[in-house]
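What follows is a single structure, written as C-alpha cells, with notes after it.
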Number of protein chains: 2
Amino acid sequence: METWDLIIIGAGAAGLTAGIYGARSGLKTLILEKQLPGGATIESPWIENYPGFLSIHGQELIDKMVAHATKFGAKINQLEPVVALELRGEKKTIKTSRTTYEAAAVIITTGTHHRELGVPGEKEFSGRGVSYCALCDGAFFKGKTVMVVGGGNSAATSAQILANLASNVKLVHRRDQLRAEEIILEDLRQRKVEFLWNTEVKEIKGDNVVKSVTVVNNKTGEIKEVEVNGVFVQIGETPNSEFAKNAGVNVDKEGYIIVDSMQRTNIPGVYAAGDVTIHPIKQIGTAVGQAIVAATDAFGYIRRPYYYKGKP
Amino acid sequence: METWDLIIIGAGAAGLTAGIYGARSGLKTLILEKQLPGGATIESPWIENYPGFLSIHGQELIDKMVAHATKFGAKINQLEPVVALELRGEKKTIKTSRTTYEAAAVIITTGTHHRELGVPGEKEFSGRGVSYCALCDGAFFKGKTVMVVGGGNSAATSAQILANLASNVKLVHRRDQLRAEEIILEDLRQRKVEFLWNTEVKEIKGDNVVKSVTVVNNKTGEIKEVEVNGVFVQIGETPNSEFAKNAGVNVDKEGYIIVDSMQRTNIPGVYAAGDVTIHPIKQIGTAVGQAIVAATDAFGYIRRPYYYKGKP
C-alpha cells in the first residue's frame, strides 16, 4: 500500500492544476490518469480563451501543465485506471489496475465523456464513420462530406475543425440557433457550413462504413436521407462520476458532483473540480480556478494550519 | 454619453479575462483602469503557479492578457479613474475623470490596496524607506538592511525578492509561523532571512529616511530597536469597493463584495470577480476562473439567449 497526502483522480486541466498547487504547498501529491494526460483539453486544436495564450494547441497547453506539475514534484501515473474507491474513512483508499493507495485527501477531476445519440447504427458504425472527436478523427474525412450533430460550443468548434478538412460540412441541430461564442458563429458563417435547423438524427446507415443519415425536421415532421461519409456527435457530455457516486459522493440528477464554494463534496477530505462538477460554466480557465480552490482547501484539511477554518 | 454592452472596472488579471470573454461573445466591451493595466499581478516578479507558465514575470503575463483582450476587440481605457457609479437602473451609468458611459452590465474587478500598519512614522517615511511593494522599490535597498512585516504569501514573496538585493532581510510577524506555500518557506530558510516571531511593529523612526524600527515581542513584552534602512509592509489587503458600496452593492464587514456562484452581486446586471470579492482564495488562476463566470453570465443577462436561466 502506497501512502500519499493528496491523490488526484484525472489528469486534465483541473487535475494537473490541483497537482501544481498540491505539490507547491508541500503535499506528497499523486495524479492518477486512466489514459494519457489531457482530458477534454487535448480535443481542442486551438484554444484562444485561456488567458495568457492568444492561441495554443490543446496538447501543447497540456504538455506545459504536465511539465509544470511534475517540476514542482507531483507524480503522474498514466494508463492506471481507478477500479474502486473507499472514501468515507479518515484515510481514503484508492484501488487501481496496478495497486492500492491510501491518501489523506482526494480531488476528483475525472471530467466527462461524450454523450451518445442512442440511434440505430451509432454503435455499429462507431470508428467507421461515427466519431465523437473532430480533432482526433477529422483527418480521415479530407475532401469528404461530414455531418456534425449538436448545437453548443463543441459542436461549433468541431464544424470549424472539419471545415478545414472536409469538402462539405453540415451542422444538424434540434433547435433553430446555436449556443456558441459569437466569434465562432461568425467564422462558421464565413466558411461554407450548411445548417440544418430543427433537425434530429433518426438513424445512421451504411455498409462497411457510414453512407447516409436519416434525419427528421421536428417542426414539419419531414424525413430526409442525407448522404455523408462521417458523423461527428457533439450533443453534450456525461460526467465520469460513477465510482465517486458508488463511494457515497453526492451527485445531481445528471450525475455531476455537488460541491460547495470551496469545491468540497459531502464527504470530508473529498473534493471535486472541473467538468465533473455542477458548475455550469465548463471552461479551461474555470476548471483551473476550481482546482486551485480544491487543492488549497485540501492542504488546509490535511495540515490544519492555524488559519484553516474548515467547513464555513 | 458613450454606450457599451459591458463595462469592466479594473484591468488586472480578472478584468482582462472578463474582457477576453466579453469581447469573444460579441459584446461591445470596455475596460476602465485608473492606472495602467496589471493590478496586483504586476507586483510579482515571478509567477510560478499560473498553470501553463513554469515561471513568468507578472508584467509579462499582464502584457499577454492585454494583447489577448484587445485582439478580440475589448477596448482598454487606462489612466481613467471612475468617479461615480449609478448601478440600480436597467442602464448602468459610469462617470469617469474623462466622460460618462452607459452599459447594460458592469463587472467590478477593482482588486485591493495594501493595508497600512497605522503606527507612528509610517506615513511620514512612506516613500523614504517605507514601502508596500518589494518589486517596485526593492532595488533602492541593494546591499542594505530591510525589514518585511507580515506573515502571508506576499510577505514571504517580498522577503524572497529582497533576499536577492539587500544584504540582510528580517521578517517580522506577530505569530510564530508563516501562512505561505511550503516551496517559498523552504527558499526563505535556505537564504539568510532572519525571522522575528511573535513580534509587532510599534514605531518607525529616522531623520530624512528610515533608520530603525521599534518592535515589541507580544509574548514577553520585550521592546527592541532594530536598525534597518527599509520597511516593507505586507500585512494584508483592503478591497477597493468604496464606489461599488456607495452605489448599493452589498459588501461584507471587511468591504469585500458579496457574490453568488455566478459572480452576481445583489444588483441585477452587476458582477464582481477577483480579489475584490469575498472568495477566500486570492490567486491569479482563481481570479481568471471567476472572471470567466462573470462575463459568461453577463452575456446571458444582456442578450438573453434561450438557454440563459438567470437567477437560480
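We name chains A, B, ... following the order of the C-alpha cells; residues begin at 1 in each chain, and ligands are numbered from 1 as shown.
Proximity to Gly26 of chain A at 8 Å, evaluated using only C-alpha atoms and with sequence-adjacent residues fewer than 3 positions away removed, yields Gly22 and Ala23 of chain A; Glu181, Glu182 and Ile183 of chain B.
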In segment 29-268 of chain B, what's strand (DSSP E) per DSSP? Answer as an MDAnalysis selection string? chainID B and resid 29:32 75:77 82:86 92:96 100:108 112:114 130:131 145:149 168:172 194:196 199:206 210:217 223:227 230:233 237:239
Save out the residues we just selected, C-alpha atoms, as a PDB file, in the first residue's frame.
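The new file selection_17.pdb reads:
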ATOM      1  CA  THR B  29     -16.715  45.634 -24.148  1.00  0.00           C
ATOM      2  CA  LEU B  30     -14.825  48.451 -22.416  1.00  0.00           C
ATOM      3  CA  ILE B  31     -12.309  48.053 -19.589  1.00  0.00           C
ATOM      4  CA  LEU B  32     -11.692  51.132 -17.431  1.00  0.00           C
ATOM      5  CA  LYS B  75     -11.114  48.369 -25.516  1.00  0.00           C
ATOM      6  CA  ILE B  76      -8.907  49.313 -22.562  1.00  0.00           C
ATOM      7  CA  ASN B  77      -9.015  52.913 -21.332  1.00  0.00           C
ATOM      8  CA  VAL B  82     -14.140  56.069 -12.114  1.00  0.00           C
ATOM      9  CA  VAL B  83     -15.512  58.938 -10.039  1.00  0.00           C
ATOM     10  CA  ALA B  84     -19.174  57.910  -9.673  1.00  0.00           C
ATOM     11  CA  LEU B  85     -21.397  54.910 -10.338  1.00  0.00           C
ATOM     12  CA  GLU B  86     -25.140  54.581 -10.796  1.00  0.00           C
ATOM     13  CA  LYS B  92     -25.748  51.430 -15.594  1.00  0.00           C
ATOM     14  CA  THR B  93     -24.028  54.815 -15.626  1.00  0.00           C
ATOM     15  CA  ILE B  94     -20.284  55.152 -15.029  1.00  0.00           C
ATOM     16  CA  LYS B  95     -18.790  58.588 -14.634  1.00  0.00           C
ATOM     17  CA  THR B  96     -15.016  58.786 -15.031  1.00  0.00           C
ATOM     18  CA  THR B 100     -19.828  59.401 -18.754  1.00  0.00           C
ATOM     19  CA  TYR B 101     -20.589  55.890 -20.015  1.00  0.00           C
ATOM     20  CA  GLU B 102     -23.711  53.783 -20.148  1.00  0.00           C
ATOM     21  CA  ALA B 103     -23.648  49.981 -20.094  1.00  0.00           C
ATOM     22  CA  ALA B 104     -26.118  47.106 -19.902  1.00  0.00           C
ATOM     23  CA  ALA B 105     -23.927  45.243 -17.422  1.00  0.00           C
ATOM     24  CA  VAL B 106     -20.930  46.016 -15.232  1.00  0.00           C
ATOM     25  CA  ILE B 107     -18.203  43.739 -13.843  1.00  0.00           C
ATOM     26  CA  ILE B 108     -16.233  45.110 -10.896  1.00  0.00           C
ATOM     27  CA  THR B 112      -7.422  45.563  -3.304  1.00  0.00           C
ATOM     28  CA  HIS B 113      -4.876  48.009  -1.942  1.00  0.00           C
ATOM     29  CA  HIS B 114      -2.219  47.362   0.676  1.00  0.00           C
ATOM     30  CA  VAL B 130       8.587  52.621   3.987  1.00  0.00           C
ATOM     31  CA  SER B 131       7.213  50.683   1.001  1.00  0.00           C
ATOM     32  CA  THR B 145      19.209  46.013   5.707  1.00  0.00           C
ATOM     33  CA  VAL B 146      15.467  45.708   5.271  1.00  0.00           C
ATOM     34  CA  MET B 147      12.544  44.501   7.335  1.00  0.00           C
ATOM     35  CA  VAL B 148       9.463  42.793   5.934  1.00  0.00           C
ATOM     36  CA  VAL B 149       6.368  42.985   8.121  1.00  0.00           C
ATOM     37  CA  ASN B 168      20.186  41.473   5.321  1.00  0.00           C
ATOM     38  CA  VAL B 169      16.454  40.668   5.407  1.00  0.00           C
ATOM     39  CA  LYS B 170      14.488  40.433   8.655  1.00  0.00           C
ATOM     40  CA  LEU B 171      10.947  39.118   8.589  1.00  0.00           C
ATOM     41  CA  VAL B 172       8.730  40.331  11.425  1.00  0.00           C
ATOM     42  CA  GLU B 194      16.110  36.247   9.821  1.00  0.00           C
ATOM     43  CA  PHE B 195      12.743  35.599  11.463  1.00  0.00           C
ATOM     44  CA  LEU B 196      11.432  37.711  14.337  1.00  0.00           C
ATOM     45  CA  THR B 199       6.808  40.454  17.059  1.00  0.00           C
ATOM     46  CA  GLU B 200       4.877  43.626  16.253  1.00  0.00           C
ATOM     47  CA  VAL B 201       5.978  46.996  14.943  1.00  0.00           C
ATOM     48  CA  LYS B 202       5.370  49.925  17.329  1.00  0.00           C
ATOM     49  CA  GLU B 203       7.062  52.800  15.550  1.00  0.00           C
ATOM     50  CA  ILE B 204       9.183  53.624  12.516  1.00  0.00           C
ATOM     51  CA  LYS B 205      11.979  56.139  13.199  1.00  0.00           C
ATOM     52  CA  GLY B 206      14.540  58.103  11.208  1.00  0.00           C
ATOM     53  CA  VAL B 210      14.174  55.353   7.903  1.00  0.00           C
ATOM     54  CA  LYS B 211      16.875  54.450  10.430  1.00  0.00           C
ATOM     55  CA  SER B 212      15.211  51.988  12.793  1.00  0.00           C
ATOM     56  CA  VAL B 213      12.019  50.242  13.824  1.00  0.00           C
ATOM     57  CA  THR B 214      10.766  49.796  17.357  1.00  0.00           C
ATOM     58  CA  VAL B 215       9.307  46.317  17.827  1.00  0.00           C
ATOM     59  CA  VAL B 216       7.674  44.547  20.742  1.00  0.00           C
ATOM     60  CA  ASN B 217       7.552  40.819  21.438  1.00  0.00           C
ATOM     61  CA  ILE B 223      10.807  46.141  23.358  1.00  0.00           C
ATOM     62  CA  LYS B 224      13.723  46.381  20.905  1.00  0.00           C
ATOM     63  CA  GLU B 225      15.112  48.930  18.494  1.00  0.00           C
ATOM     64  CA  VAL B 226      16.077  47.285  15.174  1.00  0.00           C
ATOM     65  CA  GLU B 227      18.294  49.235  12.774  1.00  0.00           C
ATOM     66  CA  GLY B 230      13.779  49.962   4.696  1.00  0.00           C
ATOM     67  CA  VAL B 231      10.466  48.587   5.917  1.00  0.00           C
ATOM     68  CA  PHE B 232       8.232  46.609   3.571  1.00  0.00           C
ATOM     69  CA  VAL B 233       4.702  46.377   4.935  1.00  0.00           C
ATOM     70  CA  GLU B 237      -5.168  43.972   1.710  1.00  0.00           C
ATOM     71  CA  THR B 238      -8.246  46.176   1.755  1.00  0.00           C
ATOM     72  CA  PRO B 239     -10.785  45.788  -1.066  1.00  0.00           C
TER      73      PRO B 239
END
At a cut-off of 6 Å, which residues of chain B touch chain A? Count only C-alpha atoms and give the answer as a PyMOL selection string. chain B and resi 24-26+51-52+54+64-65+68+181-183+285-286+289
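Residues of segment 38-126 of chain A that DSSP places in alpha helix (DSSP H), based on the backbone of this structure, are Gly58, Gln59, Glu60, Leu61, Ile62, Asp63, Lys64, Met65, Val66, Ala67, His68, Ala69, Thr70 and Lys71 of chain A.
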So how many Å separate atom CA of Gly138 of chain B and atom CA of Ser44 of chain B, to one decimal? 12.0 Å
Find the spatial neighbours of Lys34 of chain A, counting only C-alpha atoms, within a cut-off of 8 Å - ignore same-chain residues fewer than 3 positions away - and output them as a list in words. Gly10, Gln78, Leu79, Glu80, Pro81 and Val82 of chain A
Using only N, CA and C atoms, please write the residues we just selected to a file, as a PDB file, in the first residue's frame.
ATOM      1  N   GLY A  10      -7.599  11.890 -12.291  1.00  0.00           N
ATOM      2  CA  GLY A  10      -7.835  12.556 -13.572  1.00  0.00           C
ATOM      3  C   GLY A  10      -6.777  13.603 -13.845  1.00  0.00           C
ATOM      4  N   GLN A  78       0.134   7.519 -15.414  1.00  0.00           N
ATOM      5  CA  GLN A  78      -0.821   7.416 -16.518  1.00  0.00           C
ATOM      6  C   GLN A  78      -1.142   5.967 -16.843  1.00  0.00           C
ATOM      7  N   LEU A  79      -2.184   5.766 -17.622  1.00  0.00           N
ATOM      8  CA  LEU A  79      -2.642   4.421 -18.010  1.00  0.00           C
ATOM      9  C   LEU A  79      -2.906   3.551 -16.780  1.00  0.00           C
ATOM     10  N   GLU A  80      -3.418   4.198 -15.734  1.00  0.00           N
ATOM     11  CA  GLU A  80      -3.691   3.465 -14.500  1.00  0.00           C
ATOM     12  C   GLU A  80      -5.101   3.810 -14.007  1.00  0.00           C
ATOM     13  N   PRO A  81      -6.095   3.115 -14.519  1.00  0.00           N
ATOM     14  CA  PRO A  81      -7.473   3.422 -14.129  1.00  0.00           C
ATOM     15  C   PRO A  81      -7.787   3.024 -12.685  1.00  0.00           C
ATOM     16  N   VAL A  82      -8.640   3.831 -12.061  1.00  0.00           N
ATOM     17  CA  VAL A  82      -9.155   3.508 -10.734  1.00  0.00           C
ATOM     18  C   VAL A  82     -10.219   2.432 -10.894  1.00  0.00           C
TER      19      VAL A  82
END
Non-local contacts of Ile257 of chain A (12 Å; only C-alpha atoms; under 6 positions in same chain excluded) as number ranges by chain: A: 107-112, 238-246, 248-251, 263-267, 270-280
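Among the candidate residues A:Tyr308, A:Asp176, A:Cys133, A:Arg189, the one lying nearest to Leu162 of chain A is A:Cys133, with distances computed using only C-alpha atoms.
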I'd like the neighbourhood of Asn208 of chain A as a ChimeraX atom specification, where a residue qualifies if any of its atoms comes within 10 Å (using only C-alpha atoms), though same-chain residues fewer than 5 positions away should be ignored. /A:124-125,128-129
How would the residues just picked look written out with N, CA and C atoms as a PDB file, in the first residue's frame?
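Wrote out-v8.pdb, looks like this:
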ATOM      1  N   GLU A 124     -22.867   0.587 -34.144  1.00  0.00           N
ATOM      2  CA  GLU A 124     -22.387  -0.268 -35.228  1.00  0.00           C
ATOM      3  C   GLU A 124     -21.293   0.437 -36.049  1.00  0.00           C
ATOM      4  N   PHE A 125     -21.497   1.743 -36.315  1.00  0.00           N
ATOM      5  CA  PHE A 125     -20.542   2.461 -37.170  1.00  0.00           C
ATOM      6  C   PHE A 125     -19.549   3.311 -36.376  1.00  0.00           C
ATOM      7  N   ARG A 128     -16.151   3.758 -37.621  1.00  0.00           N
ATOM      8  CA  ARG A 128     -16.239   3.513 -39.074  1.00  0.00           C
ATOM      9  C   ARG A 128     -17.126   4.597 -39.715  1.00  0.00           C
ATOM     10  N   GLY A 129     -16.900   5.826 -39.237  1.00  0.00           N
ATOM     11  CA  GLY A 129     -17.668   6.962 -39.773  1.00  0.00           C
ATOM     12  C   GLY A 129     -18.319   7.759 -38.653  1.00  0.00           C
TER      13      GLY A 129
END
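Between atom CA of Leu188 of chain B and atom CA of Asn153 of chain B the interatomic distance comes to 11.6 Å.
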